[in-house]
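Below: target-v8.pdb (PDB, C-alpha atoms)
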ATOM      1  CA  MET A   8      21.001 -59.223   3.358
ATOM      2  CA  ASP A   9      20.042 -57.289   6.465
ATOM      3  CA  SER A  10      23.264 -55.707   7.719
ATOM      4  CA  SER A  11      22.117 -55.109  11.305
ATOM      5  CA  ILE A  12      24.708 -55.810  13.967
ATOM      6  CA  VAL A  13      22.318 -58.088  15.899
ATOM      7  CA  ARG A  14      19.621 -60.124  14.213
ATOM      8  CA  ARG A  15      17.199 -61.752  16.649
ATOM      9  CA  PHE A  16      16.232 -65.389  16.672
ATOM     10  CA  GLN A  17      12.483 -65.802  16.256
ATOM     11  CA  ALA A  18       9.987 -68.606  16.851
ATOM     12  CA  GLY A  19      10.200 -71.473  14.364
ATOM     13  CA  PHE A  20      13.907 -71.051  13.617
ATOM     14  CA  HIS A  21      13.665 -67.778  11.768
ATOM     15  CA  TRP A  22      15.823 -64.684  12.188
ATOM     16  CA  ALA A  23      14.879 -61.025  11.863
ATOM     17  CA  GLY A  24      15.818 -59.834   8.394
ATOM     18  CA  VAL A  25      16.749 -63.308   7.114
ATOM     19  CA  GLU A  26      14.639 -64.594   4.244
ATOM     20  CA  VAL A  27      13.496 -68.219   4.060
ATOM     21  CA  LEU A  28      14.593 -69.368   0.598
ATOM     22  CA  ASP A  29      13.959 -72.358  -1.602
ATOM     23  CA  TYR A  30      16.704 -74.930  -0.998
ATOM     24  CA  LYS A  31      17.129 -75.128  -4.797
ATOM     25  CA  ALA A  32      14.987 -74.351  -7.809
ATOM     26  CA  GLN A  33      12.191 -76.943  -7.988
ATOM     27  CA  GLY A  34      13.017 -79.591 -10.603
ATOM     28  CA  SER A  35      16.760 -78.742 -10.701
ATOM     29  CA  ALA A  36      17.648 -81.769  -8.529
ATOM     30  CA  PRO A  37      15.872 -84.371  -6.373
ATOM     31  CA  PHE A  38      15.099 -83.256  -2.795
ATOM     32  CA  LYS A  39      12.096 -83.055  -0.491
ATOM     33  CA  ASP A  40      10.916 -80.399   1.962
ATOM     34  CA  VAL A  41      14.120 -78.459   2.554
ATOM     35  CA  SER A  42      14.493 -74.707   3.127
ATOM     36  CA  ARG A  43      17.559 -72.489   3.191
ATOM     37  CA  GLN A  44      18.408 -69.320   5.130
ATOM     38  CA  VAL A  45      21.655 -67.442   4.541
ATOM     39  CA  LEU A  46      22.718 -66.284   8.020
ATOM     40  CA  PHE A  47      26.075 -64.725   7.133
ATOM     41  CA  SER A  48      27.234 -63.692   3.666
ATOM     42  CA  ASP A  49      29.600 -60.762   3.978
ATOM     43  CA  PRO A  50      31.769 -59.501   1.085
ATOM     44  CA  ASP A  51      34.507 -59.024   3.732
ATOM     45  CA  GLN A  52      34.463 -62.726   4.637
ATOM     46  CA  ALA A  53      35.770 -65.712   2.660
ATOM     47  CA  ALA A  54      32.968 -68.040   3.812
ATOM     48  CA  GLN A  55      29.220 -68.095   4.309
ATOM     49  CA  LEU A  56      27.092 -69.648   7.035
ATOM     50  CA  ARG A  57      23.737 -71.022   5.986
ATOM     51  CA  TYR A  58      20.890 -72.721   7.913
ATOM     52  CA  PHE A  59      19.129 -75.618   6.218
ATOM     53  CA  GLU A  60      15.975 -77.185   7.549
ATOM     54  CA  VAL A  61      14.686 -80.589   6.488
ATOM     55  CA  GLN A  62      11.056 -81.253   7.428
ATOM     56  CA  PRO A  63       9.974 -84.655   8.830
ATOM     57  CA  GLY A  64      10.281 -87.169   5.986
ATOM     58  CA  GLY A  65      12.374 -84.778   3.910
ATOM     59  CA  TYR A  66      15.855 -85.088   2.477
ATOM     60  CA  THR A  67      18.516 -83.003   0.752
ATOM     61  CA  THR A  68      19.909 -83.730  -2.714
ATOM     62  CA  LEU A  69      22.371 -86.603  -3.087
ATOM     63  CA  GLU A  70      25.346 -84.717  -4.540
ATOM     64  CA  ARG A  71      29.068 -84.016  -4.355
ATOM     65  CA  HIS A  72      31.388 -81.077  -5.116
ATOM     66  CA  GLU A  73      34.962 -79.891  -4.685
ATOM     67  CA  HIS A  74      34.099 -77.561  -1.826
ATOM     68  CA  VAL A  75      33.960 -78.809   1.760
ATOM     69  CA  HIS A  76      30.904 -78.617   4.034
ATOM     70  CA  SER A  77      31.314 -77.941   7.755
ATOM     71  CA  VAL A  78      28.008 -78.772   9.437
ATOM     72  CA  MET A  79      26.546 -78.459  12.942
ATOM     73  CA  VAL A  80      23.089 -79.749  13.838
ATOM     74  CA  VAL A  81      21.125 -77.094  15.724
ATOM     75  CA  ARG A  82      17.594 -78.547  15.596
ATOM     76  CA  GLY A  83      16.189 -82.067  15.772
ATOM     77  CA  ARG A  84      18.033 -85.119  14.560
ATOM     78  CA  GLY A  85      18.563 -87.159  11.430
ATOM     79  CA  ARG A  86      20.888 -89.351   9.445
ATOM     80  CA  CYS A  87      23.446 -88.460   6.835
ATOM     81  CA  LEU A  88      25.271 -90.299   4.115
ATOM     82  CA  VAL A  89      28.896 -89.203   3.680
ATOM     83  CA  GLY A  90      30.813 -91.302   1.162
ATOM     84  CA  THR A  91      29.487 -94.812   1.775
ATOM     85  CA  ASP A  92      28.830 -94.412   5.510
ATOM     86  CA  VAL A  93      25.498 -93.568   7.082
ATOM     87  CA  HIS A  94      25.690 -91.695  10.389
ATOM     88  CA  GLU A  95      23.047 -90.899  12.988
ATOM     89  CA  ILE A  96      23.252 -87.201  13.845
ATOM     90  CA  ASP A  97      21.797 -85.404  16.816
ATOM     91  CA  LEU A  98      21.745 -81.924  18.358
ATOM     92  CA  HIS A  99      25.078 -80.072  18.106
ATOM     93  CA  ASP A 100      26.913 -82.962  16.416
ATOM     94  CA  LEU A 101      29.536 -81.852  13.873
ATOM     95  CA  VAL A 102      29.746 -83.278  10.348
ATOM     96  CA  THR A 103      32.556 -82.769   7.831
ATOM     97  CA  VAL A 104      31.816 -83.481   4.165
ATOM     98  CA  PRO A 105      35.201 -83.719   2.394
ATOM     99  CA  ALA A 106      35.807 -82.725  -1.220
ATOM    100  CA  LEU A 107      34.092 -84.771  -3.957
ATOM    101  CA  THR A 108      32.268 -86.981  -1.454
ATOM    102  CA  TRP A 109      28.661 -88.053  -2.053
ATOM    103  CA  HIS A 110      26.393 -86.836   0.723
ATOM    104  CA  GLN A 111      22.744 -86.518   1.669
ATOM    105  CA  PHE A 112      20.890 -85.500   4.842
ATOM    106  CA  ARG A 113      17.562 -86.865   6.075
ATOM    107  CA  SER A 114      15.459 -85.838   9.054
ATOM    108  CA  GLU A 115      14.367 -88.385  11.649
ATOM    109  CA  GLY A 116      11.410 -88.150  13.993
ATOM    110  CA  ALA A 117       8.714 -85.535  14.368
ATOM    111  CA  GLU A 118      10.887 -82.426  14.550
ATOM    112  CA  PRO A 119      12.614 -80.873  11.543
ATOM    113  CA  LEU A 120      16.350 -81.444  11.179
ATOM    114  CA  GLY A 121      18.054 -78.044  11.152
ATOM    115  CA  PHE A 122      21.761 -77.588  10.560
ATOM    116  CA  LEU A 123      24.317 -74.867  10.007
ATOM    117  CA  CYS A 124      26.597 -75.294   6.999
ATOM    118  CA  MET A 125      29.783 -73.286   6.494
ATOM    119  CA  VAL A 126      31.091 -73.083   2.911
ATOM    120  CA  ASP A 127      33.619 -71.017   1.029
ATOM    121  CA  ALA A 128      31.970 -68.008  -0.633
ATOM    122  CA  THR A 129      33.682 -68.958  -3.906
ATOM    123  CA  ARG A 130      32.832 -72.575  -4.667
ATOM    124  CA  ASP A 131      31.999 -75.022  -7.436
ATOM    125  CA  ARG A 132      28.506 -76.162  -8.392
ATOM    126  CA  PRO A 133      27.201 -79.466  -6.978
ATOM    127  CA  GLN A 134      27.402 -82.535  -9.207
ATOM    128  CA  LEU A 135      24.510 -85.012  -9.356
ATOM    129  CA  PRO A 136      25.256 -88.744  -9.562
ATOM    130  CA  ASN A 137      24.921 -90.395 -12.974
ATOM    131  CA  GLU A 138      23.505 -93.907 -13.388
ATOM    132  CA  GLN A 139      26.900 -95.517 -12.867
ATOM    133  CA  ASP A 140      27.485 -93.510  -9.687
ATOM    134  CA  VAL A 141      24.111 -94.612  -8.334
ATOM    135  CA  GLN A 142      24.836 -98.250  -9.229
ATOM    136  CA  ASN A 143      28.162 -98.047  -7.401
ATOM    137  CA  LEU A 144      26.513 -96.543  -4.319
ATOM    138  CA  ARG A 145      23.753 -99.192  -4.388
ATOM    139  CA  LYS A 146      26.340-101.995  -4.141
ATOM    140  CA  HIS A 147      26.369-101.154  -0.432
ATOM    141  CA  PRO A 148      22.998-102.391   0.927
ATOM    142  CA  HIS A 149      22.889 -99.797   3.733
ATOM    143  CA  VAL A 150      23.564 -97.046   1.183
ATOM    144  CA  ALA A 151      20.948 -98.450  -1.200
ATOM    145  CA  ALA A 152      18.437 -98.370   1.661
ATOM    146  CA  PHE A 153      19.419 -94.829   2.617
ATOM    147  CA  ILE A 154      19.220 -93.242  -0.831
ATOM    148  CA  ALA A 155      15.997 -95.050  -1.844
ATOM    149  CA  VAL A 156      13.273 -92.404  -1.850
TER     150      VAL A 156
ATOM    151  CA  MET B  10      42.347 -81.633  14.791
ATOM    152  CA  ASP B  11      40.309 -84.852  14.754
ATOM    153  CA  SER B  12      39.384 -85.476  11.118
ATOM    154  CA  SER B  13      36.440 -87.802  11.787
ATOM    155  CA  ILE B  14      33.421 -87.299   9.552
ATOM    156  CA  VAL B  15      31.077 -87.034  12.555
ATOM    157  CA  ARG B  16      32.168 -85.665  15.910
ATOM    158  CA  ARG B  17      29.591 -86.143  18.667
ATOM    159  CA  PHE B  18      28.324 -83.452  20.970
ATOM    160  CA  GLN B  19      28.962 -84.333  24.597
ATOM    161  CA  ALA B  20      27.648 -83.150  27.956
ATOM    162  CA  GLY B  21      28.842 -79.683  28.976
ATOM    163  CA  PHE B  22      29.275 -78.362  25.440
ATOM    164  CA  HIS B  23      32.232 -80.486  24.474
ATOM    165  CA  TRP B  24      32.752 -82.436  21.265
ATOM    166  CA  ALA B  25      34.536 -85.752  20.715
ATOM    167  CA  GLY B  26      38.069 -85.054  19.541
ATOM    168  CA  VAL B  27      37.843 -81.292  20.109
ATOM    169  CA  GLU B  28      40.233 -79.876  22.673
ATOM    170  CA  VAL B  29      39.188 -77.174  25.137
ATOM    171  CA  LEU B  30      41.817 -74.464  24.738
ATOM    172  CA  ASP B  31      42.784 -71.330  26.562
ATOM    173  CA  TYR B  32      40.977 -68.372  25.021
ATOM    174  CA  LYS B  33      44.338 -66.561  24.869
ATOM    175  CA  ALA B  34      47.621 -66.839  26.682
ATOM    176  CA  GLN B  35      47.141 -65.615  30.259
ATOM    177  CA  GLY B  36      48.463 -62.066  30.633
ATOM    178  CA  SER B  37      48.448 -61.352  26.885
ATOM    179  CA  ALA B  38      45.227 -59.330  27.144
ATOM    180  CA  PRO B  39      42.477 -58.624  29.697
ATOM    181  CA  PHE B  40      39.691 -61.262  29.815
ATOM    182  CA  LYS B  41      37.973 -63.439  32.399
ATOM    183  CA  ASP B  42      36.849 -67.084  32.338
ATOM    184  CA  VAL B  43      36.672 -67.739  28.607
ATOM    185  CA  SER B  44      37.502 -70.983  26.786
ATOM    186  CA  ARG B  45      37.917 -71.742  23.082
ATOM    187  CA  GLN B  46      37.230 -74.841  21.000
ATOM    188  CA  VAL B  47      38.104 -74.971  17.297
ATOM    189  CA  LEU B  48      35.213 -76.895  15.727
ATOM    190  CA  PHE B  49      36.235 -76.621  12.080
ATOM    191  CA  SER B  50      39.666 -75.707  10.747
ATOM    192  CA  ASP B  51      40.222 -77.418   7.408
ATOM    193  CA  PRO B  52      43.088 -76.546   5.045
ATOM    194  CA  ASP B  53      40.523 -76.946   2.239
ATOM    195  CA  GLN B  54      38.309 -74.194   3.679
ATOM    196  CA  ALA B  55      38.869 -70.448   3.725
ATOM    197  CA  ALA B  56      37.268 -69.971   7.148
ATOM    198  CA  GLN B  57      37.200 -71.509  10.612
ATOM    199  CA  LEU B  58      34.353 -72.055  13.046
ATOM    200  CA  ARG B  59      35.186 -71.740  16.737
ATOM    201  CA  TYR B  60      33.100 -72.129  19.924
ATOM    202  CA  PHE B  61      33.783 -69.692  22.737
ATOM    203  CA  GLU B  62      32.334 -70.056  26.187
ATOM    204  CA  VAL B  63      32.180 -67.263  28.748
ATOM    205  CA  GLN B  64      31.478 -68.425  32.301
ATOM    206  CA  PRO B  65      29.047 -66.507  34.547
ATOM    207  CA  GLY B  66      30.685 -63.177  35.375
ATOM    208  CA  GLY B  67      33.247 -63.605  32.612
ATOM    209  CA  TYR B  68      34.060 -61.470  29.586
ATOM    210  CA  THR B  69      36.124 -61.563  26.405
ATOM    211  CA  THR B  70      38.877 -59.088  25.558
ATOM    212  CA  LEU B  71      37.873 -55.605  24.415
ATOM    213  CA  GLU B  72      39.566 -55.512  21.005
ATOM    214  CA  ARG B  73      39.238 -54.801  17.302
ATOM    215  CA  HIS B  74      40.764 -56.094  14.062
ATOM    216  CA  GLU B  75      40.404 -55.929  10.299
ATOM    217  CA  HIS B  76      38.749 -59.319  10.065
ATOM    218  CA  VAL B  77      34.991 -59.725  10.517
ATOM    219  CA  HIS B  78      33.327 -61.919  13.161
ATOM    220  CA  SER B  79      30.118 -63.777  12.360
ATOM    221  CA  VAL B  80      28.623 -64.955  15.644
ATOM    222  CA  MET B  81      25.696 -67.140  16.720
ATOM    223  CA  VAL B  82      24.778 -67.684  20.367
ATOM    224  CA  VAL B  83      24.254 -71.400  21.045
ATOM    225  CA  ARG B  84      24.235 -71.435  24.864
ATOM    226  CA  GLY B  85      22.930 -69.067  27.514
ATOM    227  CA  ARG B  86      22.682 -65.335  27.080
ATOM    228  CA  GLY B  87      24.733 -62.206  27.502
ATOM    229  CA  ARG B  88      25.486 -58.719  26.308
ATOM    230  CA  CYS B  89      27.922 -57.501  23.714
ATOM    231  CA  LEU B  90      29.537 -54.210  22.868
ATOM    232  CA  VAL B  91      29.926 -53.604  19.134
ATOM    233  CA  GLY B  92      31.231 -50.150  18.289
ATOM    234  CA  THR B  93      29.510 -47.914  20.843
ATOM    235  CA  ASP B  94      26.298 -49.957  21.130
ATOM    236  CA  VAL B  95      25.546 -52.522  23.810
ATOM    237  CA  HIS B  96      23.181 -55.324  22.757
ATOM    238  CA  GLU B  97      21.396 -57.991  24.759
ATOM    239  CA  ILE B  98      21.966 -61.354  23.106
ATOM    240  CA  ASP B  99      20.062 -64.573  23.605
ATOM    241  CA  LEU B 100      19.956 -68.124  22.239
ATOM    242  CA  HIS B 101      20.500 -68.330  18.466
ATOM    243  CA  ASP B 102      20.772 -64.568  17.974
ATOM    244  CA  LEU B 103      23.213 -63.530  15.238
ATOM    245  CA  VAL B 104      25.906 -60.872  15.758
ATOM    246  CA  THR B 105      28.090 -59.273  13.087
ATOM    247  CA  VAL B 106      31.278 -57.531  14.199
ATOM    248  CA  PRO B 107      32.439 -55.363  11.258
ATOM    249  CA  ALA B 108      36.061 -54.581  10.467
ATOM    250  CA  LEU B 109      38.005 -52.426  12.967
ATOM    251  CA  THR B 110      35.097 -52.219  15.393
ATOM    252  CA  TRP B 111      35.653 -52.420  19.157
ATOM    253  CA  HIS B 112      33.802 -55.381  20.647
ATOM    254  CA  GLN B 113      33.478 -57.379  23.836
ATOM    255  CA  PHE B 114      31.162 -60.174  25.005
ATOM    256  CA  ARG B 115      29.900 -60.736  28.551
ATOM    257  CA  SER B 116      27.761 -63.545  29.957
ATOM    258  CA  GLU B 117      24.546 -62.814  31.841
ATOM    259  CA  GLY B 118      22.820 -65.036  34.358
ATOM    260  CA  ALA B 119      23.746 -68.406  35.818
ATOM    261  CA  GLU B 120      24.508 -70.274  32.595
ATOM    262  CA  PRO B 121      27.659 -69.767  30.532
ATOM    263  CA  LEU B 122      27.365 -67.744  27.335
ATOM    264  CA  GLY B 123      28.450 -69.958  24.444
ATOM    265  CA  PHE B 124      28.749 -68.733  20.887
ATOM    266  CA  LEU B 125      29.990 -69.857  17.503
ATOM    267  CA  CYS B 126      32.337 -67.463  15.702
ATOM    268  CA  MET B 127      33.190 -67.773  12.003
ATOM    269  CA  VAL B 128      36.402 -66.058  10.882
ATOM    270  CA  ASP B 129      38.642 -66.130   7.833
ATOM    271  CA  ALA B 130      41.468 -68.630   8.263
ATOM    272  CA  THR B 131      43.937 -65.922   7.197
ATOM    273  CA  ARG B 132      43.375 -62.899   9.413
ATOM    274  CA  ASP B 133      45.085 -60.068  11.246
ATOM    275  CA  ARG B 134      45.946 -60.045  14.951
ATOM    276  CA  PRO B 135      43.561 -58.298  17.371
ATOM    277  CA  GLN B 136      44.432 -54.761  18.478
ATOM    278  CA  LEU B 137      43.994 -53.697  22.104
ATOM    279  CA  PRO B 138      42.703 -50.195  22.895
ATOM    280  CA  ASN B 139      45.263 -47.604  23.976
ATOM    281  CA  GLU B 140      44.476 -45.021  26.657
ATOM    282  CA  GLN B 141      43.013 -42.583  24.129
ATOM    283  CA  ASP B 142      40.769 -45.304  22.682
ATOM    284  CA  VAL B 143      39.495 -46.163  26.159
ATOM    285  CA  GLN B 144      38.889 -42.475  26.943
ATOM    286  CA  ASN B 145      36.907 -42.124  23.726
ATOM    287  CA  LEU B 146      34.820 -45.191  24.519
ATOM    288  CA  ARG B 147      34.183 -43.979  28.088
ATOM    289  CA  LYS B 148      32.640 -40.760  26.786
ATOM    290  CA  HIS B 149      29.522 -42.877  26.282
ATOM    291  CA  PRO B 150      28.198 -43.622  29.791
ATOM    292  CA  HIS B 151      26.601 -46.941  28.766
ATOM    293  CA  VAL B 152      29.904 -48.023  27.188
ATOM    294  CA  ALA B 153      31.859 -46.893  30.252
ATOM    295  CA  ALA B 154      29.536 -49.006  32.415
ATOM    296  CA  PHE B 155      29.895 -51.995  30.087
ATOM    297  CA  ILE B 156      33.676 -52.053  29.815
ATOM    298  CA  ALA B 157      34.275 -51.354  33.519
ATOM    299  CA  VAL B 158      35.604 -54.592  34.994
TER     300      VAL B 158
END
Now that the file is in, can you turn its structure into C-alpha cells?
Amino acid sequence: MDSSIVRRFQAGFHWAGVEVLDYKAQGSAPFKDVSRQVLFSDPDQAAQLRYFEVQPGGYTTLERHEHVHSVMVVRGRGRCLVGTDVHEIDLHDLVTVPALTWHQFRSEGAEPLGFLCMVDATRDRPQLPNEQDVQNLRKHPHVAAFIAV
Amino acid sequence: MDSSIVRRFQAGFHWAGVEVLDYKAQGSAPFKDVSRQVLFSDPDQAAQLRYFEVQPGGYTTLERHEHVHSVMVVRGRGRCLVGTDVHEIDLHDLVTVPALTWHQFRSEGAEPLGFLCMVDATRDRPQLPNEQDVQNLRKHPHVAAFIAV
C-alpha cells in the first residue's frame, strides 16, 4: 500500500495510491457489482479500514463470521440485512454487524452505495449460508424478499 | 454506547445515540474548539472509530504518541502538521500519522473540519512537546507559522 502521509481523494471515489480491487474472487461466493479499496492497512494497527462500493442493482455476499463489522455509509444509499432485520441506510448512517450475524448490503437508487468498513486485521473467514440457513432466513417474508436475487 | 444495529446520521454531524464529548479535559492540553464523538467502540473489536470536529479557527493539540492515527476527512477542509510537513486536506482525503510523530489539525474556511480517526483500542497516552521539542519544530519557518496560536 502507498505509505504517503496524505492520500488525496479523487473523482469517482478513488484515492491516490489506492488500488480498486475485486470484492472477492469471481465464483467464490454470490455477489454482484461490488468493488473494494483498502484505505488503511498498517502493520502497526490492529484494524483495517476498507471502502466498498456497490453499483446500482448490486449486492454484497450474504454471509456471517466471528469478526465484527463497523460500517459508515459515505456515498449514496441502500438497504442492509443484519440478522433478520432489513434497514434502510443513507449517507453517514452507522451500521454494526455483530459476531456470527447474517448480513448483506444492497444499493438503492441511481448512485452507487459506498461504505467504510472497519475490521480487525486478524479475523476469521466469512461463512456462506447452507440450504438450512437459507430456509430459516426465508421463513421471514421480508428477509426472503431481500435475499432473493 | 448505544448498541443499536443502525444509528442514523442527523443534521449538524450528529448520530442517534452518540454523545458529543469534550475533545479533552479543559486545561489538560492546548487546543481550541474541538469536539469528539465515539462512533464505534466495541469490546469485540481491536480498534475504535471516532469523529472529531474542529470549528472555524480551531485546532487540535500538538502531540505525539506510539499509536498510529488513520484519518479521513468527512466534513470541510483544513491543514495538518505531520512531522515537519504541513498538508492541505480536503473532503475524503486520507491522512496517516505514524508512531511518535508530532501532529496537529486546523480547520480552514467557514465550515468546521470533521474527520474520522481510527485508533487501536489499547493505546498509549499522548505526549506534549517540551520546550526543546517546540524549539526544534520552530526551526522550520513553515512549522513555526503553523503551530503559532
Review point. Which polymer residues have any atom within 8 Å of an atom of A:Arg15, counting all atoms listed in the file, with same-chain residues fewer than 6 positions away left out, as number ranges by chain?
Key: A: 22-23; B: 101-103
Review point. Given the choices B:Val63, B:Ala108, B:Leu48, B:Leu71, which gets closest to B:Asp133 if the distance is worked out from all atoms listed in the file?
Key: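 Answer, going by the shortest atom-to-atom distance: B:Ala108.
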Practice item. Translate the PyMOL selection byres ((chain A) within 10 of (chain B)), as applied to the file shown, into an explicit residue set as an NGL selection string. Key: :A and (10-17 or 20-23 or 46-56 or 73-81 or 87 or 89-90 or 92 or 94-106 or 125-129)
Exercise for review: Select all residues near (20.8, -78.2, 10.3) (cut-off 6 Å, inclusive, file coordinates), counting all atoms listed in the file, and output them as a PyMOL selection string.
Suggested key: chain A and resi 58-60+80-81+120-123
Taking all listed atoms of stretch 10-25 of chain B, build the axis-aligned box, pad each of the six sides by 3 Å, then write its centre and edge lengths in Å to one decimal as JSON.
{"center_x": 35.0, "center_y": -83.1, "center_z": 19.3, "size_x": 20.7, "size_y": 15.4, "size_z": 25.4}
Show me, as a PDB file with C-alpha atoms, in the frame of the given file, the residues that have an atom within 12 Å of B:Ser37 when counting all atoms listed in the file, minus same-chain residues fewer than 5 positions from it.
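Generated output (part.pdb):
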ATOM      1  CA  ASP B  31      42.784 -71.330  26.562  1.00  0.00           C
ATOM      2  CA  TYR B  32      40.977 -68.372  25.021  1.00  0.00           C
ATOM      3  CA  THR B  70      38.877 -59.088  25.558  1.00  0.00           C
ATOM      4  CA  PRO B 135      43.561 -58.298  17.371  1.00  0.00           C
ATOM      5  CA  GLN B 136      44.432 -54.761  18.478  1.00  0.00           C
ATOM      6  CA  LEU B 137      43.994 -53.697  22.104  1.00  0.00           C
TER       7      LEU B 137
END
